[in-house]
Structure formats: C-alpha cells, structure tokens
>>> print(open('model.txt').read())   # compact mmCIF, C-alpha atoms
# COMPACT_ATOMS: atom_id res chain seq x y z
CA MET Z 1 147.01 107.61 146.02
CA ASP Z 2 145.53 106.84 142.64
CA GLU Z 3 142.99 109.26 141.27
CA THR Z 4 140.04 108.30 139.09
CA ASP Z 5 138.31 110.81 136.83
CA PHE Z 6 134.53 111.29 136.74
CA ASP Z 7 132.14 113.78 135.25
CA TRP Z 8 130.39 114.08 138.62
CA ILE Z 9 130.99 113.14 142.22
CA VAL Z 10 127.82 112.92 144.33
CA VAL Z 11 128.46 113.24 148.07
CA GLY Z 12 125.70 111.63 150.12
CA GLY Z 13 123.77 108.47 149.33
CA GLY Z 14 120.27 109.36 150.48
CA ILE Z 15 117.30 109.82 148.15
CA ALA Z 16 118.67 113.16 146.92
CA GLY Z 17 122.07 111.73 146.03
CA ILE Z 18 120.67 108.53 144.55
CA SER Z 19 118.13 110.30 142.32
CA ILE Z 20 120.71 112.83 141.10
CA ALA Z 21 123.26 110.08 140.38
CA GLU Z 22 120.62 108.17 138.40
CA ILE Z 23 119.55 111.10 136.26
CA LEU Z 24 123.15 112.17 135.57
CA SER Z 25 124.18 108.64 134.54
CA ARG Z 26 120.96 108.25 132.53
CA ASN Z 27 122.21 111.15 130.40
CA GLY Z 28 125.63 109.61 129.74
CA ASN Z 29 127.73 111.06 132.57
CA SER Z 30 130.25 109.09 134.59
CA VAL Z 31 129.26 109.34 138.25
CA LEU Z 32 130.75 108.39 141.61
CA VAL Z 33 128.56 108.29 144.73
CA LEU Z 34 130.38 108.77 148.05
CA GLU Z 35 128.61 107.52 151.18
CA LYS Z 36 130.14 107.63 154.68
CA ASN Z 37 127.90 104.87 156.07
CA PRO Z 38 128.10 101.13 155.32
CA LYS Z 39 124.85 101.30 153.29
CA LEU Z 40 123.03 103.85 151.16
CA ALA Z 41 119.91 105.56 152.51
CA SER Z 42 120.94 104.77 156.06
CA GLU Z 43 120.03 108.03 157.77
CA THR Z 44 116.98 110.24 157.26
CA THR Z 45 115.38 108.28 154.44
CA LYS Z 46 115.38 105.06 156.44
CA GLU Z 47 113.79 106.49 159.57
CA PHE Z 48 110.50 108.01 158.45
CA HIS Z 49 107.04 107.24 157.24
CA GLU Z 50 106.83 106.01 153.69
CA TRP Z 51 104.25 108.61 152.74
CA TRP Z 52 103.87 110.19 149.30
CA HIS Z 53 102.59 113.73 149.74
CA THR Z 54 100.47 115.37 147.05
CA GLY Z 55 100.28 118.73 148.82
CA VAL Z 56 97.08 118.38 150.86
CA LEU Z 57 98.81 118.38 154.26
CA PHE Z 58 100.85 121.45 153.39
CA SER Z 59 97.83 123.47 152.30
CA LEU Z 60 97.42 124.00 156.06
CA VAL Z 61 100.74 125.85 156.08
CA PRO Z 62 100.34 129.64 155.57
CA ASP Z 63 102.63 129.81 152.53
CA ASN Z 64 100.07 130.63 149.82
CA PHE Z 65 100.14 126.99 148.61
CA SER Z 66 103.86 127.28 147.77
CA THR Z 67 104.82 123.83 149.14
CA SER Z 68 101.65 122.27 147.71
CA ARG Z 69 102.63 123.56 144.26
CA TYR Z 70 106.07 121.98 144.61
CA LEU Z 71 104.52 118.63 145.53
CA LEU Z 72 102.00 118.70 142.68
CA GLY Z 73 104.82 119.55 140.29
CA ALA Z 74 106.71 116.54 141.60
CA LEU Z 75 103.84 114.32 140.45
CA ASP Z 76 104.14 115.81 136.96
CA ASP Z 77 107.87 115.03 136.99
CA LEU Z 78 107.20 111.52 138.30
CA PHE Z 79 105.05 110.80 135.23
CA GLU Z 80 107.37 112.66 132.87
CA TYR Z 81 110.75 111.26 133.89
CA TYR Z 82 110.12 107.98 135.74
CA SER Z 83 107.32 106.17 133.91
CA GLY Z 84 109.89 103.96 132.18
CA PHE Z 85 110.57 102.14 135.44
CA GLU Z 86 108.48 98.99 135.73
CA GLY Z 87 108.07 99.60 139.45
CA MET Z 88 106.48 103.01 138.88
CA ASN Z 89 103.00 101.58 139.17
CA ILE Z 90 100.75 104.66 138.97
CA LYS Z 91 98.44 105.02 135.99
CA LYS Z 92 96.95 108.34 134.94
CA LEU Z 93 93.16 108.52 134.55
CA GLU Z 94 90.64 111.12 133.46
CA ASN Z 95 89.46 111.17 137.07
CA GLY Z 96 92.45 110.81 139.39
CA ILE Z 97 95.01 108.00 139.33
CA SER Z 98 95.06 104.25 139.89
CA ILE Z 99 97.71 102.19 141.69
CA LYS Z 100 97.99 98.49 140.91
CA ASN Z 101 100.13 95.92 142.70
CA ASN Z 102 102.53 96.91 145.47
CA GLU Z 103 105.60 98.13 143.67
CA TRP Z 104 106.94 101.65 144.32
CA PHE Z 105 103.54 102.72 145.63
CA ASN Z 106 100.66 101.09 147.47
CA ASN Z 107 96.95 101.41 146.81
CA ASP Z 108 96.60 102.68 150.35
CA ALA Z 109 94.99 106.12 150.47
CA ILE Z 110 95.70 108.10 153.64
CA ILE Z 111 92.57 109.28 155.45
CA TYR Z 112 92.60 112.87 156.73
CA LYS Z 113 90.71 113.60 159.96
CA PHE Z 114 90.38 117.33 160.70
CA ARG Z 115 89.22 118.21 164.20
CA ASN Z 116 85.97 120.18 163.97
CA LEU Z 117 86.52 123.48 165.83
CA PRO Z 118 83.62 125.75 164.81
CA MET Z 119 84.72 128.46 167.26
CA ASN Z 120 88.04 128.80 165.43
CA PRO Z 121 87.28 130.32 161.99
CA LEU Z 122 90.98 130.55 161.04
CA TRP Z 123 91.38 126.79 161.50
CA MET Z 124 88.11 126.00 159.74
CA TYR Z 125 89.14 128.14 156.76
CA SER Z 126 92.41 126.17 156.53
CA VAL Z 127 90.49 122.90 156.76
CA ALA Z 128 88.19 124.04 153.95
CA LYS Z 129 91.25 124.72 151.77
CA SER Z 130 92.66 121.27 152.43
CA ILE Z 131 89.39 119.46 151.79
CA LEU Z 132 88.79 121.26 148.50
CA LEU Z 133 92.38 120.71 147.35
CA SER Z 134 92.10 117.03 148.23
CA LYS Z 135 88.96 116.63 146.15
CA ALA Z 136 90.42 118.63 143.26
CA ILE Z 137 93.53 116.42 143.11
CA SER Z 138 91.48 113.23 143.45
CA ASN Z 139 89.23 114.26 140.54
CA HIS Z 140 91.95 115.79 138.36
CA ASP Z 141 92.08 114.89 134.66
CA TRP Z 142 95.65 113.60 134.53
CA LEU Z 143 95.33 112.52 130.90
CA ARG Z 144 94.84 116.07 129.63
CA ARG Z 145 96.44 118.31 132.25
CA HIS Z 146 99.48 118.67 134.41
CA ALA Z 147 99.02 119.18 138.14
CA GLY Z 148 101.67 121.72 139.11
CA GLY Z 149 101.63 125.47 138.73
CA ASP Z 150 98.06 126.74 138.60
CA GLU Z 151 96.57 123.69 136.90
CA ILE Z 152 94.80 122.58 140.10
CA ILE Z 153 95.36 125.27 142.71
CA GLY Z 154 94.63 128.12 140.30
CA ARG Z 155 91.08 126.87 139.82
CA LEU Z 156 90.32 127.17 143.55
CA THR Z 157 89.20 130.56 144.85
CA LYS Z 158 88.77 132.27 148.22
CA GLY Z 159 85.04 132.20 147.55
CA ASP Z 160 85.19 128.41 147.28
CA PHE Z 161 87.04 128.20 150.58
CA ILE Z 162 84.62 130.47 152.40
CA LYS Z 163 81.61 128.58 151.06
CA LYS Z 164 83.14 125.27 152.13
CA MET Z 165 84.04 126.67 155.55
CA LEU Z 166 80.46 127.83 156.14
CA SER Z 167 79.11 124.41 155.20
CA THR Z 168 81.47 122.68 157.64
CA LEU Z 169 80.45 124.99 160.48
CA ALA Z 170 76.96 123.47 160.38
CA GLN Z 171 78.31 119.96 161.04
CA SER Z 172 78.40 118.52 164.54
CA ARG Z 173 80.86 115.68 163.98
CA LYS Z 174 84.03 115.59 166.08
CA PHE Z 175 86.18 115.14 162.98
CA LEU Z 176 85.71 116.10 159.34
CA THR Z 177 87.01 113.13 157.36
CA VAL Z 178 88.18 112.95 153.75
CA LYS Z 179 89.93 110.25 151.72
CA SER Z 180 93.01 112.07 150.49
CA PRO Z 181 94.99 111.53 147.28
CA ASP Z 182 98.12 110.79 149.40
CA PHE Z 183 99.34 107.19 149.50
CA THR Z 184 102.08 105.05 151.01
CA ILE Z 185 105.44 104.17 149.47
CA ASN Z 186 107.68 101.12 149.37
CA SER Z 187 110.78 103.30 149.52
CA ARG Z 188 113.30 100.43 149.38
CA LYS Z 189 111.89 99.10 146.12
CA LEU Z 190 112.00 102.58 144.65
CA LEU Z 191 115.53 103.30 145.89
CA SER Z 192 116.78 99.90 144.72
CA ASP Z 193 115.45 100.51 141.23
CA LEU Z 194 117.06 103.94 141.03
CA ILE Z 195 120.45 102.77 142.24
CA SER Z 196 120.31 99.68 139.99
CA ALA Z 197 119.58 101.90 136.98
CA ALA Z 198 122.44 104.21 137.92
CA VAL Z 199 124.89 101.30 138.26
CA ARG Z 200 123.67 99.78 135.01
CA ASN Z 201 124.44 103.12 133.36
CA GLY Z 202 127.98 103.12 134.73
CA SER Z 203 127.74 104.83 138.13
CA LYS Z 204 130.20 103.74 140.80
CA ILE Z 205 129.22 103.44 144.47
CA THR Z 206 131.62 103.61 147.39
CA CYS Z 207 130.38 103.25 150.97
CA GLU Z 208 132.21 103.70 154.28
CA ASN Z 209 134.19 106.36 152.46
CA GLY Z 210 133.56 109.73 154.05
CA PHE Z 211 134.33 113.06 152.39
CA GLU Z 212 137.24 114.96 153.97
CA LYS Z 213 138.13 118.00 151.85
CA ILE Z 214 138.05 119.44 148.34
CA GLU Z 215 140.32 121.54 146.10
CA GLU Z 216 138.94 123.30 143.03
CA PHE Z 217 141.02 124.01 139.93
CA ASN Z 218 140.23 125.53 136.53
CA SER Z 219 139.01 122.34 134.89
CA TYR Z 220 138.34 119.91 137.74
CA VAL Z 221 138.00 119.35 141.47
CA ARG Z 222 140.13 117.06 143.57
CA VAL Z 223 138.22 115.30 146.34
CA TYR Z 224 139.92 113.76 149.35
CA THR Z 225 138.09 110.95 151.15
CA LYS Z 226 138.77 108.49 153.92
CA ASN Z 227 140.01 105.84 151.46
CA GLN Z 228 141.13 107.51 148.25
CA ASN Z 229 141.46 110.71 146.24
CA TYR Z 230 139.32 111.41 143.18
CA ARG Z 231 139.08 113.94 140.37
CA ALA Z 232 135.90 115.11 138.72
CA LYS Z 233 134.67 117.89 136.47
CA ASN Z 234 131.92 118.70 138.99
CA ILE Z 235 130.71 117.81 142.46
CA VAL Z 236 127.28 118.01 144.12
CA PHE Z 237 126.86 117.84 147.88
CA CYS Z 238 123.67 116.13 149.06
CA SER Z 239 124.52 116.04 152.76
CA PRO Z 240 122.92 118.84 154.85
CA ASP Z 241 125.66 118.54 157.50
CA LEU Z 242 128.41 119.02 154.92
CA ILE Z 243 126.54 121.85 153.21
CA ALA Z 244 126.30 123.66 156.53
CA ARG Z 245 130.00 123.11 157.19
CA LEU Z 246 131.31 124.02 153.74
CA PHE Z 247 128.94 126.77 152.63
CA GLY Z 248 127.46 128.17 155.84
CA ALA Z 249 123.90 127.13 155.03
CA LYS Z 250 121.48 127.23 157.94
CA ILE Z 251 120.16 123.75 158.61
CA LYS Z 252 117.31 123.17 161.03
CA TYR Z 253 117.21 119.90 162.95
CA GLY Z 254 113.87 118.39 163.92
CA TYR Z 255 113.14 115.35 166.08
CA ALA Z 256 110.29 113.01 165.17
CA PRO Z 257 109.29 110.38 167.75
CA MET Z 258 108.10 107.18 166.10
CA GLY Z 259 106.58 103.95 167.36
CA VAL Z 260 106.55 100.56 165.64
CA TYR Z 261 103.37 98.63 166.49
CA GLU Z 262 102.01 95.17 165.86
CA GLY Z 263 98.48 93.82 166.14
CA VAL Z 264 97.00 96.41 163.79
CA SER Z 265 93.75 95.29 162.16
CA GLU Z 266 93.72 94.67 158.42
CA ASN Z 267 90.64 96.89 158.30
CA GLN Z 268 92.55 99.82 159.79
CA SER Z 269 93.28 102.60 157.29
CA SER Z 270 96.37 104.75 157.26
CA PHE Z 271 95.37 108.14 158.60
CA VAL Z 272 96.50 111.52 159.87
CA GLN Z 273 94.50 113.27 162.60
CA LEU Z 274 94.94 117.04 162.51
CA ASP Z 275 94.25 119.78 165.02
CA PHE Z 276 94.84 123.54 165.27
CA ASN Z 277 97.09 122.71 168.23
CA THR Z 278 99.79 120.77 166.41
CA ARG Z 279 100.73 118.82 169.54
CA ASN Z 280 97.34 117.12 169.30
CA CYS Z 281 98.17 115.72 165.86
CA ILE Z 282 98.84 112.01 165.35
CA ASN Z 283 99.17 109.68 162.38
CA LEU Z 284 99.36 106.00 161.54
CA LEU Z 285 100.77 104.33 158.45
CA LYS Z 286 100.04 100.65 157.88
CA LYS Z 287 102.73 98.19 156.94
CA LYS Z 288 102.39 94.49 156.14
CA ASP Z 289 101.58 91.66 158.57
CA GLY Z 290 99.68 93.78 161.06
CA LEU Z 291 102.53 96.25 161.57
CA ALA Z 292 102.20 100.03 161.56
CA LEU Z 293 104.21 103.16 162.19
CA ALA Z 294 102.69 105.73 164.52
CA GLY Z 295 103.89 109.27 164.95
CA GLY Z 296 102.82 112.86 164.69
CA ILE Z 297 104.65 116.15 164.40
CA THR Z 298 108.37 116.93 164.43
CA MET Z 299 109.66 118.62 167.58
CA ASP Z 300 112.18 121.46 167.64
CA LYS Z 301 113.73 120.28 170.92
CA ILE Z 302 114.73 116.70 171.64
CA GLU Z 303 113.78 117.11 175.30
CA ASP Z 304 110.12 117.54 174.24
CA VAL Z 305 110.01 114.20 172.43
CA LYS Z 306 109.23 111.89 175.34
CA ASP Z 307 106.10 113.69 176.61
CA TYR Z 308 104.78 114.11 173.08
CA PHE Z 309 105.26 110.44 172.19
CA ASN Z 310 103.47 109.41 175.38
CA TYR Z 311 100.49 111.45 174.15
CA VAL Z 312 100.71 109.87 170.68
CA HIS Z 313 100.89 106.36 172.14
CA ASN Z 314 97.93 106.89 174.48
CA GLN Z 315 95.78 108.29 171.67
CA HIS Z 316 96.52 105.37 169.36
CA VAL Z 317 95.92 102.71 171.98
CA LYS Z 318 92.66 104.40 172.94
CA GLN Z 319 91.49 104.13 169.32
CA ASN Z 320 93.03 100.70 168.68
CA PRO Z 321 93.28 98.72 171.97
CA ASN Z 322 94.82 95.69 170.24
CA MET Z 323 97.89 97.63 169.11
CA ARG Z 324 101.09 96.63 170.91
CA LEU Z 325 104.21 98.79 170.94
CA LEU Z 326 107.35 96.97 169.78
CA GLU Z 327 109.87 99.77 169.97
CA THR Z 328 110.33 103.53 169.66
CA TYR Z 329 112.96 105.59 167.90
CA ILE Z 330 113.62 109.22 167.05
CA GLY Z 331 114.07 110.26 163.44
CA VAL Z 332 116.22 113.35 162.84
CA LYS Z 333 115.10 115.66 160.04
CA LYS Z 334 117.47 118.16 158.46
CA GLU Z 335 115.94 121.00 156.47
CA LEU Z 336 117.14 124.32 155.10
CA ILE Z 337 115.68 127.27 157.01
CA ASP Z 338 114.83 130.76 155.82
CA THR Z 339 115.54 134.06 157.56
CA LYS Z 340 112.55 133.56 159.86
CA ASN Z 341 114.00 130.31 161.22
CA ALA Z 342 110.97 128.47 159.83
CA ARG Z 343 110.94 124.92 158.50
CA ASN Z 344 111.17 124.68 154.74
CA TYR Z 345 109.74 121.55 153.12
CA GLN Z 346 110.77 122.40 149.56
CA TYR Z 347 113.91 121.48 147.62
CA HIS Z 348 116.85 123.84 147.13
CA ILE Z 349 119.57 123.81 144.48
CA LYS Z 350 122.56 126.14 144.63
CA GLN Z 351 125.69 126.51 142.52
CA ASN Z 352 128.35 127.55 145.02
CA SER Z 353 131.23 127.91 142.56
CA GLU Z 354 132.10 127.01 138.99
CA ARG Z 355 132.22 123.29 139.79
CA GLN Z 356 130.55 122.88 143.19
CA TRP Z 357 126.81 122.46 143.75
CA SER Z 358 124.68 121.72 146.79
CA VAL Z 359 121.12 120.43 147.16
CA VAL Z 360 118.77 120.11 150.12
CA LEU Z 361 115.59 118.04 149.81
CA GLY Z 362 112.74 118.96 152.15
CA LYS Z 363 110.49 116.00 151.35
CA PHE Z 364 111.10 112.52 149.92
CA SER Z 365 108.15 113.10 147.55
CA LEU Z 366 110.06 115.94 145.85
CA PHE Z 367 112.98 113.85 144.60
CA THR Z 368 111.53 113.66 141.06
CA SER Z 369 111.53 117.45 140.70
CA LEU Z 370 114.87 117.87 142.47
CA SER Z 371 116.66 115.52 140.07
CA ALA Z 372 114.99 116.88 136.93
CA GLU Z 373 115.56 120.50 137.91
CA PHE Z 374 119.15 119.85 138.96
CA TYR Z 375 119.94 118.38 135.54
CA ARG Z 376 118.13 121.27 133.85
CA ARG Z 377 120.17 123.87 135.71
CA ALA Z 378 123.49 122.08 135.28
CA TYR Z 379 123.09 121.48 131.52
CA LYS Z 380 120.52 124.10 130.46
CA LYS Z 381 118.33 121.41 128.92
CA ASN Z 382 115.86 118.75 130.03
CA SER Z 383 116.89 115.23 130.90
CA VAL Z 384 116.07 112.36 128.60
CA ILE Z 385 113.05 110.28 129.61
CA ALA Z 386 113.89 107.11 131.52
CA PRO Z 387 113.93 104.13 129.13
CA THR Z 388 112.01 101.00 130.02
CA PHE Z 389 113.71 99.52 133.07
CA GLU Z 390 112.75 96.21 134.62
CA LYS Z 391 112.48 96.27 138.38
CA SER Z 392 115.54 95.24 140.37
CA VAL Z 393 115.69 92.83 143.27
CA SER Z 394 113.70 94.61 145.98
CA ASN Z 395 116.27 93.91 148.71
CA CYS Z 396 119.20 95.53 146.93
CA ASN Z 397 122.21 94.88 149.16
CA LEU Z 398 123.41 98.47 148.77
CA ILE Z 399 120.31 99.89 150.46
CA ALA Z 400 119.93 100.01 154.24
CA PRO Z 401 116.64 98.60 155.53
CA THR Z 402 114.07 100.90 157.09
CA TYR Z 403 114.27 101.23 160.84
CA TRP Z 404 110.78 99.81 161.34
CA ALA Z 405 111.70 96.79 159.19
CA GLU Z 406 114.79 96.16 161.32
CA ILE Z 407 112.64 96.22 164.46
CA SER Z 408 109.99 93.87 163.03
CA HIS Z 409 112.76 91.51 161.89
CA LYS Z 410 114.14 91.40 165.46
CA LYS Z 411 110.65 90.49 166.66
CA ASP Z 412 110.53 87.56 164.21
CA LEU Z 413 113.90 86.32 165.42
>>> encode(input="model.txt", output="structure tokens")
Amino acid sequence: MDETDFDWIVVGGGIAGISIAEILSRNGNSVLVLEKNPKLASETTKEFHEWWHTGVLFSLVPDNFSTSRYLLGALDDLFEYYSGFEGMNIKKLENGISIKNNEWFNNDAIIYKFRNLPMNPLWMYSVAKSILLSKAISNHDWLRRHAGGDEIIGRLTKGDFIKKMLSTLAQSRKFLTVKSPDFTINSRKLLSDLISAAVRNGSKITCENGFEKIEEFNSYVRVYTKNQNYRAKNIVFCSPDLIARLFGAKIKYGYAPMGVYEGVSENQSSFVQLDFNTRNCINLLKKKDGLALAGGITMDKIEDVKDYFNYVHNQHVKQNPNMRLLETYIGVKKELIDTKNARNYQYHIKQNSERQWSVVLGKFSLFTSLSAEFYRRAYKKNSVIAPTFEKSVSNCNLIAPTYWAEISHKKDL
C-alpha cells in the first residue's frame, strides 16, 4: 500500500490528540491524526460534564495541592498559548477574570456546597483549604501575576486554614456555600476551533482507521492501520488503551453514572455538593433550554453504579421537583495510576523510544499545559503563540456530539 510521510502521527482523536496535533501543526510540522471511530472526540471527551476546573475541587485531595497547581498552571497556558483564538473568551482582570458571550466558556460559575460537619475536624480543615483557595483564585491579579506554581497557593498558609476552619465551626448552616472560580465549557466549540486550526495549518485527519502495529527504524516509524500504511519521523499515542497494550502502563478505569434532565429552572445555578463521605456527593451542570447534567463521583466498580445513581437522582429531585429524567448513561474514565493504585488527575508525557511518545490526560482542563509541555519536551523550546484565529463553525462535522446533546436531540424529534 502507498505510504505517506509526516513529521508526526497522532494516534487518538480526543482532546489530547487534537490539542497536540494543533500545536505541532501551528509550529510548521506535518501531522496525521488517526482515529478509530467515525468521529473525533467520540469517547471520553463526549461523555462528561463540560466543567473547567481551576483546582478548587482537588484541594480536597490529600496531595499537597499538586493537582491544583497543575490546573492553575493550565490557566496560565490557556492565556499564553490560546488567546489568539476568537472563541477563547476569557479576559484577565486585576481582580479575577471575566467571561463574555458563550464561546469556549460560559459565564456560569459553579457553586460549591460543603456539608458542615463540625464533629469532623479533618473534613472541616479540608473545606477551609478549598474555600480560601477559591477566594484567592477569584480575587487574583491576573494582569500582573501568573497563577501556577506558588503564585496563589504559596501565599496560603496552614495558619490561614486553621483560622478559617475555626470560624466555620461556629456556623450552624447545613452547607457552607461559596461561588467558585470554576465555570462551564462549550467543549464542541473549543474542539472545533482547535481541529479547524490544525487542518488550516496542514494537518490531515483520518477516521474509522484504527492503529494496528508499528515498526521503528533509524530515521522513521512505519505505522500499519486498518486502511493504509504510513511513515513518520515521530509518533505520539494519545489512547490510554493502546498505551497500556504497547508500553505496559497501568490504566485505571472509572465509571461515572450520569443523568440528562429537562425542566431545570433558569434560576438554578450549576453546583457541586460535597461531603466527607464521597458517596453523598452530587453535582448539576446547566445546559441550554432547561436541560442539565446530573452526576456525582466516579465509581471503581461498574456494579456499584446503579445504586449510586439512584441516590443521585433522588437527591436532585428532592431539591428540584420539576426536574424530569430523560435518560441515563455511564461515562468511562481512563486515567494513569501510580504505585498505590490511586486515581491520578494530572497529565503525563513519556518518551518510550527515540521516535515514540505517549501521553495521558487526567482532566480536560489540562489540555493547554499538556500540549505546550509536549511541544517543549519534543523540541526543547516553547511553542509559538497562536495567531489570531477566527472561530470555526461550531458544529464541525469532524467532531462527535456530546452524549447529552444526542439525548436532548432525540427528545426534540
């Protein structure tokens, strides 16, 4: 079969593969994206909440703010490398950020509700950390400072947390509520813009063309697929399943029960309700036309999903009696695990041989840092800044619709 030469082959057309293809082509490389499904972004990235994390939620994780630092750094990289896109509609302010129009992001702050458990000091200390981090991010001077590293977190101390914890212990409310700096995403607009930019810069896309095997030589790799063979100077695998198969990486699978609801009030805010017992956690993200996605935590075992979703559903209907369930589905999350078999929400980049790389993305919100850091490691220099790029058609025909959008469309029919 004919072989076509590329600088890079990107295997996997989710957010990781799309963002890496865009940044490689932005810097003058010829790129081929291989996707086994009929459409791009048709697995994990289509199934979940469109929620941009700033790190507040993960300050509850006992990792010394490690994941929160990653997520704050991703905001720095969003401003640094993606501000040229017209759809990137966040503006930096002296006191927080502003979001205008509904382009990549929505002006829809996610409300955090922490269950007040004064008899559990460990939980209350964690809540104090999250509340203080939320306020620090919301009031950050983005015009003069970055957010990652110690720019925000380094200014918070254990003394601050203890003082905040003691003040919350005196409150009698059932939940401690804070308007977080997290917000919702229009992922399909964002993905469409990235893939349109990549194609405009010369990237080639091939769908329904699954990877089969690879041979590595001194100056190139030969890639065998379902439809054709290709040659490239380098290859990067963005599929967790393939990375596990080819390189022995340990991938953890999680199962997230989700419900698509209608009849949600326009006055309802997107929120996450948090508890020391994680199985008591629920969340709701608003969509347009009275629709919303309701979920909670990710389960380790698929057999636990049904009972947990029943709890989630009952809690939401109790709070919002007018909500009506349209359909449920289970999203499957694939994350790299460490030696303790714990979930890892960060991004991981590994060079497996002279010409083979692999990446695993723990959170959609980290794609900006994943792409920038991947380019930095591959070429030992920073990427160019994205030039001004007008937004593409929002319903790019290469991008699979979100699962909740498919369900709401069926309802309309």
>>> closest_residue(input="model.txt", among="Z:Val260, Z:Ile152, Z:Leu293, Z:Leu32", to="His140 (chain Z)", atoms="all atoms listed in the file")
Z:Ile152
>>> residues_around(input="model.txt", residues="Gly84 (chain Z)", least_positions_apart="4", cutoff="10 Å", atoms="all atoms listed in the file", output="list in words")
Phe79, Glu80, Met88, Ile385, Ala386, Pro387, Thr388, Phe389 and Glu390 of chain Z
>>> atom_distance(input="model.txt", atom1="CA of Val221 (chain Z)", atom2="CA of Arg355 (chain Z)")
7.2 Å
>>> residues_around(input="model.txt", residues="region 203-220 of chain Z", least_positions_apart="5", cutoff="10 Å", atoms="all atoms listed in the file", output="PyMOL selection string")
chain Z and resi 5-13+18+21-22+24-26+28-40+195-198+225-235+237+242+246+353-356+398
>>> residues_around(input="model.txt", residues="Leu325 (chain Z)", least_positions_apart="3", cutoff="10 Å", atoms="all atoms listed in the file", output="count of residues only")
13
>>> atom_distance(input="model.txt", atom1="CA of Gly248 (chain Z)", atom2="CA of Ile349 (chain Z)")
14.5 Å
>>> closest_residue(input="model.txt", among="Z:Ser167, Z:Thr402, Z:Asn280, Z:Ser358", to="Arg245 (chain Z)", atoms="only C-alpha atoms")
Z:Ser358
>>> residues_near_point(input="model.txt", point="(87.6, 118.4, 141.6)", cutoff="12 Å", atoms="all atoms listed in the file", output="list of chain:residue names")
Z:Glu94, Z:Asn95, Z:Gly96, Z:Ile131, Z:Leu132, Z:Leu133, Z:Ser134, Z:Lys135, Z:Ala136, Z:Ile137, Z:Ser138, Z:Asn139, Z:His140, Z:Asp141, Z:Trp142, Z:Ala147, Z:Glu151, Z:Ile152, Z:Ile153, Z:Arg155, Z:Leu156, Z:Asp160, Z:Pro181
>>> residues_around(input="model.txt", residues="Asn120 (chain Z)", least_positions_apart="3", cutoff="12 Å", atoms="all atoms listed in the file", output="ChimeraX atom specification")
/Z:115-117,123-127,165,168-169,275-277
>>> atom_distance(input="model.txt", atom1="CA of Gly154 (chain Z)", atom2="CA of Ala16 (chain Z)")
29.1 Å
>>> residues_around(input="model.txt", residues="Glu86 (chain Z)", least_positions_apart="4", cutoff="12 Å", atoms="only C-alpha atoms", output="ChimeraX atom specification")
/Z:82,90-91,100-105,189-190,193-194,197,386-392
>>> decode(input="model.txt", residues="region 199-205 of chain Z", atoms="all heavy atoms", output="PDB file, in the first residue's frame")
ATOM      1  N   VAL Z 199      -6.214  21.756  10.788  1.00  0.00           N
ATOM      2  CA  VAL Z 199      -6.416  21.462   9.370  1.00  0.00           C
ATOM      3  C   VAL Z 199      -5.960  22.630   8.513  1.00  0.00           C
ATOM      4  O   VAL Z 199      -5.333  22.451   7.458  1.00  0.00           O
ATOM      5  CB  VAL Z 199      -7.903  21.115   9.115  1.00  0.00           C
ATOM      6  CG1 VAL Z 199      -8.197  21.049   7.620  1.00  0.00           C
ATOM      7  CG2 VAL Z 199      -8.248  19.795   9.788  1.00  0.00           C
ATOM      8  N   ARG Z 200      -6.259  23.837   8.962  1.00  0.00           N
ATOM      9  CA  ARG Z 200      -5.839  25.017   8.205  1.00  0.00           C
ATOM     10  C   ARG Z 200      -4.317  25.094   8.115  1.00  0.00           C
ATOM     11  O   ARG Z 200      -3.762  25.612   7.145  1.00  0.00           O
ATOM     12  CB  ARG Z 200      -6.401  26.278   8.874  1.00  0.00           C
ATOM     13  CG  ARG Z 200      -6.225  27.539   8.044  1.00  0.00           C
ATOM     14  CD  ARG Z 200      -6.957  28.720   8.658  1.00  0.00           C
ATOM     15  NE  ARG Z 200      -8.408  28.529   8.669  1.00  0.00           N
ATOM     16  CZ  ARG Z 200      -9.276  29.440   9.099  1.00  0.00           C
ATOM     17  NH1 ARG Z 200      -8.846  30.608   9.546  1.00  0.00           N
ATOM     18  NH2 ARG Z 200     -10.568  29.190   9.077  1.00  0.00           N
ATOM     19  N   ASN Z 201      -3.643  24.550   9.121  1.00  0.00           N
ATOM     20  CA  ASN Z 201      -2.176  24.538   9.116  1.00  0.00           C
ATOM     21  C   ASN Z 201      -1.599  23.274   8.480  1.00  0.00           C
ATOM     22  O   ASN Z 201      -0.397  23.027   8.575  1.00  0.00           O
ATOM     23  CB  ASN Z 201      -1.641  24.678  10.543  1.00  0.00           C
ATOM     24  CG  ASN Z 201      -1.794  26.095  11.081  1.00  0.00           C
ATOM     25  OD1 ASN Z 201      -1.608  27.064  10.354  1.00  0.00           O
ATOM     26  ND2 ASN Z 201      -2.144  26.212  12.348  1.00  0.00           N
ATOM     27  N   GLY Z 202      -2.454  22.479   7.851  1.00  0.00           N
ATOM     28  CA  GLY Z 202      -1.953  21.358   7.057  1.00  0.00           C
ATOM     29  C   GLY Z 202      -2.152  19.978   7.642  1.00  0.00           C
ATOM     30  O   GLY Z 202      -1.776  18.984   7.004  1.00  0.00           O
ATOM     31  N   SER Z 203      -2.729  19.865   8.840  1.00  0.00           N
ATOM     32  CA  SER Z 203      -2.936  18.542   9.426  1.00  0.00           C
ATOM     33  C   SER Z 203      -3.947  17.737   8.614  1.00  0.00           C
ATOM     34  O   SER Z 203      -4.905  18.279   8.070  1.00  0.00           O
ATOM     35  CB  SER Z 203      -3.445  18.669  10.868  1.00  0.00           C
ATOM     36  OG  SER Z 203      -2.426  19.109  11.729  1.00  0.00           O
ATOM     37  N   LYS Z 204      -3.724  16.428   8.562  1.00  0.00           N
ATOM     38  CA  LYS Z 204      -4.640  15.513   7.907  1.00  0.00           C
ATOM     39  C   LYS Z 204      -5.365  14.693   8.972  1.00  0.00           C
ATOM     40  O   LYS Z 204      -4.774  14.309   9.983  1.00  0.00           O
ATOM     41  CB  LYS Z 204      -3.894  14.562   6.963  1.00  0.00           C
ATOM     42  CG  LYS Z 204      -3.002  15.267   5.948  1.00  0.00           C
ATOM     43  CD  LYS Z 204      -3.802  16.142   5.000  1.00  0.00           C
ATOM     44  CE  LYS Z 204      -2.874  16.794   3.953  1.00  0.00           C
ATOM     45  NZ  LYS Z 204      -3.617  17.720   3.074  1.00  0.00           N
ATOM     46  N   ILE Z 205      -6.648  14.428   8.744  1.00  0.00           N
ATOM     47  CA  ILE Z 205      -7.464  13.668   9.687  1.00  0.00           C
ATOM     48  C   ILE Z 205      -7.982  12.424   8.979  1.00  0.00           C
ATOM     49  O   ILE Z 205      -8.491  12.523   7.865  1.00  0.00           O
ATOM     50  CB  ILE Z 205      -8.669  14.487  10.182  1.00  0.00           C
ATOM     51  CG1 ILE Z 205      -8.254  15.910  10.584  1.00  0.00           C
ATOM     52  CG2 ILE Z 205      -9.367  13.752  11.322  1.00  0.00           C
ATOM     53  CD1 ILE Z 205      -7.332  15.976  11.758  1.00  0.00           C
TER      54      ILE Z 205
END
